Structure formats: structure tokens, C-alpha cells
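This is protein28.cif (mmCIF, C-alpha atoms).
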```cif
data_start
loop_
_atom_site.group_PDB
_atom_site.id
_atom_site.type_symbol
_atom_site.label_atom_id
_atom_site.label_comp_id
_atom_site.auth_asym_id
_atom_site.auth_seq_id
_atom_site.Cartn_x
_atom_site.Cartn_y
_atom_site.Cartn_z
ATOM 1 C CA MET A 1172 7.373 -22.639 -5.025
ATOM 2 C CA VAL A 1173 7.914 -20.201 -7.874
ATOM 3 C CA GLU A 1174 11.150 -18.276 -8.326
ATOM 4 C CA THR A 1175 11.192 -16.232 -11.509
ATOM 5 C CA SER A 1176 13.587 -14.108 -13.510
ATOM 6 C CA THR A 1177 12.918 -11.435 -16.064
ATOM 7 C CA GLU A 1178 12.860 -12.553 -19.693
ATOM 8 C CA GLU A 1179 12.902 -10.798 -23.020
ATOM 9 C CA ARG A 1180 9.873 -10.944 -25.306
ATOM 10 C CA GLY A 1181 9.120 -9.464 -28.689
ATOM 11 C CA GLY A 1182 12.432 -7.622 -28.963
ATOM 12 C CA THR A 1183 11.769 -5.529 -25.842
ATOM 13 C CA THR A 1184 14.294 -5.788 -23.030
ATOM 14 C CA SER A 1185 13.090 -5.197 -19.479
ATOM 15 C CA GLY A 1186 15.115 -3.089 -17.079
ATOM 16 C CA THR A 1187 17.760 -4.742 -14.921
ATOM 17 C CA GLY A 1188 17.640 -2.685 -11.737
ATOM 18 C CA MET A 1189 15.205 -5.024 -9.985
ATOM 19 C CA ASN A 1190 16.009 -8.364 -11.635
ATOM 20 C CA GLY A 1191 15.434 -11.225 -9.227
ATOM 21 C CA ARG A 1192 13.334 -9.095 -6.849
ATOM 22 C CA ILE A 1193 9.720 -9.998 -6.179
ATOM 23 C CA CYS A 1194 7.399 -7.089 -5.420
ATOM 24 C CA MET A 1195 3.768 -7.030 -4.316
ATOM 25 C CA VAL A 1196 1.621 -3.921 -4.890
ATOM 26 C CA THR A 1197 -1.883 -3.568 -3.474
ATOM 27 C CA GLY A 1198 -4.454 -1.463 -5.293
ATOM 28 C CA ALA A 1199 -2.552 -2.076 -8.532
ATOM 29 C CA SER A 1200 -5.442 -1.838 -10.996
ATOM 30 C CA SER A 1201 -5.438 1.967 -11.299
ATOM 31 C CA GLY A 1202 -3.838 5.237 -10.231
ATOM 32 C CA ILE A 1203 -0.592 5.252 -8.256
ATOM 33 C CA GLY A 1204 -0.735 1.506 -7.676
ATOM 34 C CA ARG A 1205 -0.925 0.744 -11.371
ATOM 35 C CA ALA A 1206 1.883 3.189 -12.162
ATOM 36 C CA THR A 1207 4.026 1.690 -9.398
ATOM 37 C CA ALA A 1208 3.491 -1.862 -10.647
ATOM 38 C CA VAL A 1209 4.277 -0.915 -14.234
ATOM 39 C CA GLU A 1210 7.444 0.975 -13.266
ATOM 40 C CA LEU A 1211 8.761 -1.835 -11.058
ATOM 41 C CA ALA A 1212 8.125 -4.287 -13.898
ATOM 42 C CA ARG A 1213 9.949 -1.958 -16.289
ATOM 43 C CA LEU A 1214 12.929 -2.139 -13.916
ATOM 44 C CA GLY A 1215 12.859 -5.924 -14.242
ATOM 45 C CA ALA A 1216 11.080 -6.985 -11.034
ATOM 46 C CA THR A 1217 8.639 -9.836 -10.745
ATOM 47 C CA VAL A 1218 5.457 -7.952 -9.814
ATOM 48 C CA ILE A 1219 2.465 -9.403 -7.996
ATOM 49 C CA LEU A 1220 -0.650 -7.264 -8.412
ATOM 50 C CA VAL A 1221 -3.268 -7.292 -5.660
ATOM 51 C CA CYS A 1222 -6.554 -6.061 -7.139
ATOM 52 C CA ARG A 1223 -10.219 -6.268 -6.228
ATOM 53 C CA ASN A 1224 -11.352 -6.377 -9.869
ATOM 54 C CA ARG A 1225 -9.971 -9.335 -11.833
ATOM 55 C CA SER A 1226 -10.532 -7.881 -15.304
ATOM 56 C CA LYS A 1227 -8.800 -4.608 -14.423
ATOM 57 C CA GLY A 1228 -5.906 -6.494 -12.874
ATOM 58 C CA GLU A 1229 -5.558 -8.634 -15.983
ATOM 59 C CA ALA A 1230 -5.469 -5.470 -18.108
ATOM 60 C CA VAL A 1231 -2.438 -4.269 -16.127
ATOM 61 C CA LEU A 1232 -0.784 -7.673 -16.540
ATOM 62 C CA ASP A 1233 -1.288 -7.446 -20.306
ATOM 63 C CA GLU A 1234 0.158 -3.923 -20.365
ATOM 64 C CA ILE A 1235 3.281 -5.022 -18.497
ATOM 65 C CA ARG A 1236 3.804 -8.122 -20.622
ATOM 66 C CA HIS A 1237 3.280 -6.458 -23.986
ATOM 67 C CA LYS A 1238 4.887 -3.090 -23.302
ATOM 68 C CA TYR A 1239 7.972 -4.275 -21.422
ATOM 69 C CA GLY A 1240 8.200 -7.952 -22.284
ATOM 70 C CA ASN A 1241 8.166 -8.809 -18.587
ATOM 71 C CA VAL A 1242 6.235 -12.061 -18.287
ATOM 72 C CA ASN A 1243 7.029 -12.372 -14.593
ATOM 73 C CA THR A 1244 3.815 -10.847 -13.367
ATOM 74 C CA ASP A 1245 0.994 -12.374 -11.400
ATOM 75 C CA LEU A 1246 -2.417 -11.389 -10.059
ATOM 76 C CA LEU A 1247 -4.022 -11.964 -6.685
ATOM 77 C CA VAL A 1248 -7.678 -11.009 -6.470
ATOM 78 C CA ALA A 1249 -8.488 -9.658 -3.022
ATOM 79 C CA ASP A 1250 -11.068 -7.300 -1.568
ATOM 80 C CA LEU A 1251 -9.426 -5.275 1.191
ATOM 81 C CA LEU A 1252 -12.858 -4.698 2.715
ATOM 82 C CA SER A 1253 -12.768 -8.363 3.754
ATOM 83 C CA LEU A 1254 -10.250 -9.745 6.240
ATOM 84 C CA ASP A 1255 -10.999 -13.266 4.989
ATOM 85 C CA SER A 1256 -10.174 -12.156 1.449
ATOM 86 C CA VAL A 1257 -6.864 -10.717 2.662
ATOM 87 C CA ARG A 1258 -6.065 -13.976 4.452
ATOM 88 C CA ALA A 1259 -6.887 -15.984 1.330
ATOM 89 C CA ALA A 1260 -4.625 -13.811 -0.829
ATOM 90 C CA ALA A 1261 -1.745 -14.105 1.644
ATOM 91 C CA ASN A 1262 -2.145 -17.875 1.764
ATOM 92 C CA GLN A 1263 -2.183 -18.096 -2.031
ATOM 93 C CA TYR A 1264 1.006 -16.092 -2.179
ATOM 94 C CA ILE A 1265 2.799 -18.185 0.456
ATOM 95 C CA GLU A 1266 1.821 -21.405 -1.334
ATOM 96 C CA LYS A 1267 3.246 -20.175 -4.643
ATOM 97 C CA TYR A 1268 6.239 -17.987 -3.765
ATOM 98 C CA GLU A 1269 9.157 -18.539 -1.452
ATOM 99 C CA HIS A 1270 10.310 -14.918 -1.225
ATOM 100 C CA LEU A 1271 8.928 -11.373 -1.128
ATOM 101 C CA HIS A 1272 11.504 -8.605 -1.371
ATOM 102 C CA VAL A 1273 9.228 -5.566 -1.563
ATOM 103 C CA LEU A 1274 5.707 -5.139 -0.175
ATOM 104 C CA VAL A 1275 3.941 -1.945 -1.252
ATOM 105 C CA ASN A 1276 0.767 -1.302 0.743
ATOM 106 C CA ASN A 1277 -0.740 1.223 -1.641
ATOM 107 C CA ALA A 1278 -4.514 0.647 -1.793
ATOM 108 C CA GLY A 1279 -6.789 3.282 -0.292
ATOM 109 C CA ALA A 1280 -10.317 4.659 -0.360
ATOM 110 C CA PHE A 1281 -12.396 7.531 0.974
ATOM 111 C CA PHE A 1282 -15.920 7.135 2.336
ATOM 112 C CA MET A 1283 -18.001 10.245 2.850
ATOM 113 C CA LYS A 1284 -20.638 8.285 4.798
ATOM 114 C CA ARG A 1285 -19.864 5.755 7.475
ATOM 115 C CA GLY A 1286 -20.186 2.114 6.541
ATOM 116 C CA VAL A 1287 -18.896 -1.138 7.968
ATOM 117 C CA THR A 1288 -17.444 -4.257 6.397
ATOM 118 C CA ALA A 1289 -18.746 -7.796 6.883
ATOM 119 C CA ASP A 1290 -16.217 -8.004 9.731
ATOM 120 C CA GLY A 1291 -17.870 -5.032 11.428
ATOM 121 C CA ILE A 1292 -14.911 -2.701 10.722
ATOM 122 C CA GLU A 1293 -15.443 0.894 9.600
ATOM 123 C CA LYS A 1294 -14.591 0.914 5.883
ATOM 124 C CA SER A 1295 -11.994 3.687 5.783
ATOM 125 C CA PHE A 1296 -10.097 2.168 8.712
ATOM 126 C CA ALA A 1297 -10.325 -1.265 7.075
ATOM 127 C CA VAL A 1298 -9.092 -0.389 3.577
ATOM 128 C CA ASN A 1299 -6.522 2.285 4.381
ATOM 129 C CA TYR A 1300 -4.961 0.623 7.391
ATOM 130 C CA LEU A 1301 -6.234 -2.603 8.964
ATOM 131 C CA SER A 1302 -6.162 -4.767 5.830
ATOM 132 C CA HIS A 1303 -2.549 -3.743 5.260
ATOM 133 C CA PHE A 1304 -1.691 -4.442 8.901
ATOM 134 C CA LEU A 1305 -3.088 -7.950 8.458
ATOM 135 C CA LEU A 1306 -1.500 -8.596 5.059
ATOM 136 C CA THR A 1307 1.905 -7.422 6.252
ATOM 137 C CA ASN A 1308 1.846 -9.596 9.345
ATOM 138 C CA LEU A 1309 0.690 -12.663 7.408
ATOM 139 C CA LEU A 1310 3.557 -12.225 4.931
ATOM 140 C CA LEU A 1311 6.153 -11.092 7.449
ATOM 141 C CA GLU A 1312 8.041 -14.386 7.764
ATOM 142 C CA THR A 1313 8.300 -14.587 3.974
ATOM 143 C CA VAL A 1314 9.594 -11.004 3.853
ATOM 144 C CA LYS A 1315 12.142 -11.687 6.611
ATOM 145 C CA ARG A 1316 13.370 -14.739 4.749
ATOM 146 C CA SER A 1317 13.958 -12.477 1.720
ATOM 147 C CA ALA A 1318 16.137 -9.881 3.479
ATOM 148 C CA PRO A 1319 17.338 -7.394 2.509
ATOM 149 C CA ALA A 1320 13.694 -6.517 1.971
ATOM 150 C CA ARG A 1321 11.472 -3.446 2.133
ATOM 151 C CA ILE A 1322 7.948 -2.638 3.297
ATOM 152 C CA ILE A 1323 6.419 0.594 1.997
ATOM 153 C CA ASN A 1324 3.166 2.055 3.307
ATOM 154 C CA MET A 1325 1.094 4.762 1.629
ATOM 155 C CA SER A 1326 0.053 7.617 3.883
ATOM 156 C CA GLY A 1327 -0.792 11.255 3.197
ATOM 157 C CA SER A 1328 -0.227 14.780 4.433
ATOM 158 C CA HIS A 1329 -3.710 14.888 5.984
ATOM 159 C CA HIS A 1330 -2.439 12.555 8.729
ATOM 160 C CA SER A 1331 -1.167 15.700 10.464
ATOM 161 C CA LYS A 1332 -4.745 16.775 11.209
ATOM 162 C CA ALA A 1333 -5.577 13.582 13.096
ATOM 163 C CA THR A 1334 -5.120 11.872 16.414
ATOM 164 C CA ILE A 1335 -5.961 8.261 17.237
ATOM 165 C CA ASN A 1336 -9.224 8.336 19.162
ATOM 166 C CA PHE A 1337 -9.272 4.969 20.908
ATOM 167 C CA ASP A 1338 -12.595 5.837 22.546
ATOM 168 C CA ASP A 1339 -14.254 6.110 19.131
ATOM 169 C CA LEU A 1340 -11.715 4.476 16.825
ATOM 170 C CA GLN A 1341 -14.243 3.541 14.155
ATOM 171 C CA GLY A 1342 -16.496 6.564 14.287
ATOM 172 C CA GLU A 1343 -19.475 4.847 15.908
ATOM 173 C CA ARG A 1344 -20.398 7.929 17.947
ATOM 174 C CA HIS A 1345 -19.215 10.617 15.548
ATOM 175 C CA TYR A 1346 -18.203 10.101 11.926
ATOM 176 C CA LYS A 1347 -16.750 12.507 9.395
ATOM 177 C CA GLY A 1348 -15.184 11.190 6.211
ATOM 178 C CA SER A 1349 -12.235 13.583 6.245
ATOM 179 C CA HIS A 1350 -11.393 12.669 9.836
ATOM 180 C CA ALA A 1351 -11.745 8.936 9.159
ATOM 181 C CA ILE A 1352 -9.247 8.961 6.310
ATOM 182 C CA ALA A 1353 -6.853 11.271 8.182
ATOM 183 C CA GLN A 1354 -6.915 8.945 11.202
ATOM 184 C CA SER A 1355 -6.365 5.896 9.003
ATOM 185 C CA LYS A 1356 -3.349 7.569 7.354
ATOM 186 C CA LEU A 1357 -1.927 8.448 10.768
ATOM 187 C CA ALA A 1358 -2.471 4.832 11.789
ATOM 188 C CA GLU A 1359 -0.458 3.752 8.749
ATOM 189 C CA ILE A 1360 2.492 5.891 9.867
ATOM 190 C CA LEU A 1361 2.303 4.714 13.486
ATOM 191 C CA PHE A 1362 2.202 1.149 12.153
ATOM 192 C CA THR A 1363 5.241 1.810 9.953
ATOM 193 C CA TYR A 1364 7.357 3.149 12.798
ATOM 194 C CA GLU A 1365 6.302 0.403 15.211
ATOM 195 C CA LEU A 1366 6.941 -2.239 12.553
ATOM 196 C CA ALA A 1367 10.417 -0.801 11.936
ATOM 197 C CA ARG A 1368 11.191 -1.063 15.657
ATOM 198 C CA ARG A 1369 10.046 -4.690 15.738
ATOM 199 C CA LEU A 1370 12.093 -5.517 12.635
ATOM 200 C CA GLU A 1371 15.403 -4.148 13.915
ATOM 201 C CA GLY A 1372 18.233 -6.513 13.058
ATOM 202 C CA THR A 1373 16.252 -8.515 10.491
ATOM 203 C CA GLY A 1374 17.419 -6.735 7.345
ATOM 204 C CA VAL A 1375 13.844 -5.607 6.608
ATOM 205 C CA THR A 1376 13.078 -1.887 6.461
ATOM 206 C CA ALA A 1377 9.709 -0.156 6.805
ATOM 207 C CA ASN A 1378 9.030 3.325 5.451
ATOM 208 C CA CYS A 1379 5.993 5.383 4.468
ATOM 209 C CA LEU A 1380 5.240 8.283 2.171
ATOM 210 C CA HIS A 1381 2.959 11.041 0.968
ATOM 211 C CA PRO A 1382 2.662 10.883 -2.848
ATOM 212 C CA GLY A 1383 1.460 14.452 -3.314
ATOM 213 C CA VAL A 1384 -1.806 15.598 -4.842
ATOM 214 C CA VAL A 1385 -2.364 13.134 -7.669
ATOM 215 C CA ALA A 1386 -4.996 13.043 -10.415
ATOM 216 C CA THR A 1387 -6.477 9.566 -9.973
ATOM 217 C CA GLU A 1388 -9.952 8.009 -10.142
ATOM 218 C CA PHE A 1389 -10.196 8.227 -6.344
ATOM 219 C CA VAL A 1390 -12.936 10.862 -6.277
ATOM 220 C CA ASP A 1391 -14.542 10.042 -9.621
ATOM 221 C CA LYS A 1392 -15.363 6.502 -8.475
ATOM 222 C CA ALA A 1393 -16.634 7.453 -5.024
ATOM 223 C CA GLU A 1394 -20.363 6.717 -4.896
ATOM 224 C CA ASP A 1395 -21.150 8.947 -1.919
ATOM 225 C CA PHE A 1396 -19.311 12.119 -2.984
ATOM 226 C CA PRO A 1397 -21.523 15.162 -3.663
ATOM 227 C CA ARG A 1398 -21.648 16.124 -7.325
ATOM 228 C CA VAL A 1399 -20.210 19.560 -6.609
ATOM 229 C CA ILE A 1400 -17.050 18.044 -5.092
ATOM 230 C CA LYS A 1401 -16.622 15.755 -8.090
ATOM 231 C CA TYR A 1402 -17.075 18.725 -10.413
ATOM 232 C CA ILE A 1403 -14.449 20.804 -8.572
ATOM 233 C CA TYR A 1404 -12.093 17.820 -8.536
ATOM 234 C CA ARG A 1405 -12.371 17.390 -12.306
ATOM 235 C CA LEU A 1406 -11.591 21.089 -12.813
ATOM 236 C CA ALA A 1407 -8.514 20.782 -10.613
ATOM 237 C CA LYS A 1408 -7.221 17.541 -12.143
ATOM 238 C CA PRO A 1409 -5.097 19.169 -14.873
ATOM 239 C CA PHE A 1410 -3.065 20.927 -12.164
ATOM 240 C CA MET A 1411 -2.359 17.752 -10.182
ATOM 241 C CA LYS A 1412 0.445 15.232 -10.531
ATOM 242 C CA SER A 1413 -0.063 12.386 -12.956
ATOM 243 C CA PRO A 1414 -0.220 8.875 -11.419
ATOM 244 C CA LEU A 1415 3.250 8.236 -12.872
ATOM 245 C CA LYS A 1416 4.661 11.305 -11.097
ATOM 246 C CA GLY A 1417 2.748 10.335 -7.975
ATOM 247 C CA ALA A 1418 4.386 6.900 -8.022
ATOM 248 C CA GLU A 1419 7.940 8.257 -8.157
ATOM 249 C CA THR A 1420 8.536 8.222 -4.399
ATOM 250 C CA THR A 1421 7.059 4.736 -4.017
ATOM 251 C CA VAL A 1422 9.248 3.354 -6.799
ATOM 252 C CA TYR A 1423 12.257 5.151 -5.291
ATOM 253 C CA LEU A 1424 11.658 3.541 -1.897
ATOM 254 C CA ALA A 1425 11.155 0.144 -3.522
ATOM 255 C CA SER A 1426 14.189 0.188 -5.781
ATOM 256 C CA SER A 1427 16.822 2.811 -4.992
ATOM 257 C CA PRO A 1428 20.174 1.776 -3.474
ATOM 258 C CA GLU A 1429 20.149 5.173 -1.743
ATOM 259 C CA VAL A 1430 17.597 3.984 0.823
ATOM 260 C CA GLU A 1431 19.073 0.542 1.464
ATOM 261 C CA GLY A 1432 19.022 -0.013 5.235
ATOM 262 C CA ILE A 1433 17.100 3.193 5.968
ATOM 263 C CA THR A 1434 13.979 2.577 8.030
ATOM 264 C CA ALA A 1435 11.221 4.299 10.014
ATOM 265 C CA LYS A 1436 11.098 7.367 7.772
ATOM 266 C CA TYR A 1437 8.311 9.393 6.134
ATOM 267 C CA TYR A 1438 9.054 10.529 2.578
ATOM 268 C CA VAL A 1439 7.760 13.338 0.384
ATOM 269 C CA ASN A 1440 9.207 13.875 -3.105
ATOM 270 C CA LYS A 1441 11.882 11.238 -2.434
ATOM 271 C CA ARG A 1442 13.098 13.068 0.656
ATOM 272 C CA ALA A 1443 12.738 12.018 4.297
ATOM 273 C CA VAL A 1444 10.808 14.649 6.263
ATOM 274 C CA ARG A 1445 9.203 14.830 9.691
ATOM 275 C CA SER A 1446 5.692 13.497 10.070
ATOM 276 C CA SER A 1447 3.302 14.861 12.710
ATOM 277 C CA PRO A 1448 4.315 14.853 16.404
ATOM 278 C CA GLU A 1449 1.488 12.390 17.137
ATOM 279 C CA SER A 1450 3.028 9.861 14.740
ATOM 280 C CA TYR A 1451 6.132 9.481 16.941
ATOM 281 C CA ASP A 1452 4.194 8.580 20.104
ATOM 282 C CA THR A 1453 5.443 5.065 20.875
ATOM 283 C CA ALA A 1454 2.762 4.415 23.508
ATOM 284 C CA THR A 1455 0.040 5.203 20.950
ATOM 285 C CA ALA A 1456 1.783 3.008 18.373
ATOM 286 C CA GLU A 1457 2.011 0.067 20.777
ATOM 287 C CA ARG A 1458 -1.612 0.433 21.826
ATOM 288 C CA LEU A 1459 -2.753 0.654 18.197
ATOM 289 C CA TRP A 1460 -0.743 -2.482 17.401
ATOM 290 C CA ASP A 1461 -2.451 -4.388 20.211
ATOM 291 C CA VAL A 1462 -5.914 -3.192 19.129
ATOM 292 C CA SER A 1463 -5.140 -4.128 15.532
ATOM 293 C CA MET A 1464 -3.982 -7.598 16.559
ATOM 294 C CA ALA A 1465 -7.298 -8.120 18.331
ATOM 295 C CA LEU A 1466 -9.418 -6.766 15.446
ATOM 296 C CA THR A 1467 -7.663 -9.017 12.916
ATOM 297 C CA GLY A 1468 -7.615 -12.071 15.153
ATOM 298 C CA LEU A 1469 -3.827 -12.326 14.975
ATOM 299 C CA ASN A 1470 -3.478 -12.657 18.739
ATOM 300 C CA ILE A 1471 -5.793 -15.678 18.987
#
```
Could I get this file's structure written as C-alpha cells?
Amino acid sequence: MVETSTEERGGTTSGTGMNGRICMVTGASSGIGRATAVELARLGATVILVCRNRSKGEAVLDEIRHKYGNVNTDLLVADLLSLDSVRAAANQYIEKYEHLHVLVNNAGAFFMKRGVTADGIEKSFAVNYLSHFLLTNLLLETVKRSAPARIINMSGSHHSKATINFDDLQGERHYKGSHAIAQSKLAEILFTYELARRLEGTGVTANCLHPGVVATEFVDKAEDFPRVIKYIYRLAKPFMKSPLKGAETTVYLASSPEVEGITAKYYVNKRAVRSSPESYDTATAERLWDVSMALTGLNI
């Protein structure tokens, strides 16, 4: 098992606010995920990057090591479109590390056209929600052992436009990209609140957030976006938050003493606000949990 501490390299001293804390960030190769990983490393944390692309993940590792002198970084290559890949990454982590103090489920994607993974899961539901449900549950005993610990889930304001349609959960009868991502973000909040209830008394908190409108590569990289939408997005980019600004609430939830012990909250601009009425439905949350357990094979 690896237990690391922040070191100094090349005359640069890392921050001390997160020394001794191990943090995992999914989707850490670009955008908010990258900014979050870099900032947590700057604060002195040991940061584990979960990235689909090895070369891009290694570029972030190099940035952290050379810019902040923090050599306590690691990379797990995992494709969140594959449940087997998520399982493999979790197993690799458990074999190497004894603790996990902060889990940031950040990765996300938008799919204009419906597609399914090799597991037969609709892609938006898989990447934005189900893969994080699986990863969190596989690492949960490690997180509990590390208490006080924190789990942070990325959602979005568009969750308020959605309901969980259990009769067509994966858009087999009717699919619209905007609805699929909104439903997946609502699922992430329902998961957060249900997880917080199940973790009561363990010293582990679970919170979620909306990062704001952030200028990332989210739309630029989407293969199925119409050109006109990409063009409008590029025009609007200068008026959006930078990834660093977009990561502020995530880093706050991961590191600030102000939120120690606070759980089951939805944050915007580092403030707890109310999420949609649907997100507080405990019966829906419990049903979604059971469906998710079945889809991931966790109840077998």
C-alpha cells in the first residue's frame, strides 16, 4: 500500500492545506477536472487522476510535478463508458492505496444522438451517472476507512428540467440529448442525497454542485453536435467562466474547513442552495439506487 506526503522539488513549495490527503478526480485530463486536480495538488494533496486518454493524463501529471513540485500524483486510465474499465480502475486503486479522503466524480459528456455502451447502457446515463455510482460504491469501504472523508458529485442546473422516467430510463422509446443529460444530472443529485443518508454516522459526507457555465472543450469535442451549435458556442466562450473559475466550488467542497461535516447539499458558487423538488423525493432516490445496483451488477 502507498501512503504519500507532499515533497518539495526544484525550489517550489507545494501548498499545505491538503497535505496528507489523497484525492481522486475523474475526467481530470481537461476542463474543470484538470483545473480541480491541479488546484488540489497546489494545496498539497496527493492527487489521483482518472482519465480515458493516457497521454493527456500524463500531460497533467507533468504540469503538476513541474509547476508545483508535487510528485505525489498518479494516473488511472479508465473509460467511463465501460463498467469493466471502471471496475479495473477501482481494483488498481485499492491494491495500491490504503486511503481515499476525497472522491470527485467530475467526468461528464453530452450525446446529441442516442448510443449505447458495450454494457448496453445509454451513453449519457453511463458517463454522467452510472459509472460514478459504480466507482463510488467500489471505493466506499476505502473512503469510510479514511474518515473524515468527502464525496463530491458534479451536477448542473439543467437537472431542474428533468424527472426520472423509469419507464424509459435510457431513452429506448424516445431520446433527446438535452433530456438525457438533464436526467443524468438529476440522477447524480438523487444519488448524492441517498448516499448521504446511507453514510450517516460514518464521518463521510456527500455533496454535489453546479459549476456554472464554463468554457471547456465539452462542445468542441462532441462529434455529433451540429456545426451551427459549435459555432455559437465558440462565440459565447469569451463570456463564460474559465475552467479554473468553474473548479472553485469543487475545490472548496474538497478542501475547505467550512464544509467539514456538512452533507446532502447542492452548491452553486460555494453556497448551498435548493435543488429541484424532484431531487428530494426519497422514494425516487431509493428506486434509482436499486435500479443502479442491478445495472452495475452490485447486487449479485
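Across the structure, atom CA of Ser1328 of chain A and atom CA of Gly1417 of chain A are spaced 13.5 Å apart.
Using all atoms listed in the file, the shortest contact distance between Thr1434 of chain A and any of A:Ala1367, A:Met1464, A:Met1195, A:Ile1203 is found at A:Ala1367.
For the structure in this document, the set picked by the PyMOL selection byres ((chain A and resi 1301) around 10) is Leu1251, Leu1252, Leu1254, Ile1292, Glu1293, Lys1294, Ser1295, Phe1296, Ala1297, Val1298, Asn1299, Tyr1300, Ser1302, His1303, Phe1304, Leu1305, Leu1306, Thr1307, Ser1355, Ala1358, Glu1359, Phe1362, Ser1463, Met1464, Leu1466 and Thr1467 of chain A.
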Please produce a file of the residues just selected, as a PDB file, keeping the file's coordinate frame, where the atoms kept are C-alpha atoms.
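And here is the file that came out, selection32.pdb:
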```pdb
ATOM      1  CA  LEU A1251      -9.426  -5.275   1.191  1.00  0.00           C
ATOM      2  CA  LEU A1252     -12.858  -4.698   2.715  1.00  0.00           C
ATOM      3  CA  LEU A1254     -10.250  -9.745   6.240  1.00  0.00           C
ATOM      4  CA  ILE A1292     -14.911  -2.701  10.722  1.00  0.00           C
ATOM      5  CA  GLU A1293     -15.443   0.894   9.600  1.00  0.00           C
ATOM      6  CA  LYS A1294     -14.591   0.914   5.883  1.00  0.00           C
ATOM      7  CA  SER A1295     -11.994   3.687   5.783  1.00  0.00           C
ATOM      8  CA  PHE A1296     -10.097   2.168   8.712  1.00  0.00           C
ATOM      9  CA  ALA A1297     -10.325  -1.265   7.075  1.00  0.00           C
ATOM     10  CA  VAL A1298      -9.092  -0.389   3.577  1.00  0.00           C
ATOM     11  CA  ASN A1299      -6.522   2.285   4.381  1.00  0.00           C
ATOM     12  CA  TYR A1300      -4.961   0.623   7.391  1.00  0.00           C
ATOM     13  CA  SER A1302      -6.162  -4.767   5.830  1.00  0.00           C
ATOM     14  CA  HIS A1303      -2.549  -3.743   5.260  1.00  0.00           C
ATOM     15  CA  PHE A1304      -1.691  -4.442   8.901  1.00  0.00           C
ATOM     16  CA  LEU A1305      -3.088  -7.950   8.458  1.00  0.00           C
ATOM     17  CA  LEU A1306      -1.500  -8.596   5.059  1.00  0.00           C
ATOM     18  CA  THR A1307       1.905  -7.422   6.252  1.00  0.00           C
ATOM     19  CA  SER A1355      -6.365   5.896   9.003  1.00  0.00           C
ATOM     20  CA  ALA A1358      -2.471   4.832  11.789  1.00  0.00           C
ATOM     21  CA  GLU A1359      -0.458   3.752   8.749  1.00  0.00           C
ATOM     22  CA  PHE A1362       2.202   1.149  12.153  1.00  0.00           C
ATOM     23  CA  SER A1463      -5.140  -4.128  15.532  1.00  0.00           C
ATOM     24  CA  MET A1464      -3.982  -7.598  16.559  1.00  0.00           C
ATOM     25  CA  LEU A1466      -9.418  -6.766  15.446  1.00  0.00           C
ATOM     26  CA  THR A1467      -7.663  -9.017  12.916  1.00  0.00           C
TER      27      THR A1467
END
```
Query raised in the report: Which of these, A:Ser1450, A:Ser1253, A:Thr1207, A:Asn1243, has the shortest distance to Arg1223 of chain A once you count only C-alpha atoms?
Result: A:Ser1253
Query raised in the report: Any idea what's packed within 10 Å of segment 1320-1324 of chain A, counting all atoms listed in the file, ignoring anything in its chain fewer than 6 positions away? Could you give it as a VMD selection string?
Result: chain A and resid 1192 to 1196 1270 to 1278 1299 to 1300 1303 to 1304 1307 1311 1313 to 1314 1356 1359 to 1360 1362 to 1363 1366 to 1367 1373 to 1381 1421 to 1422 1424 to 1426 1430 to 1434 1437
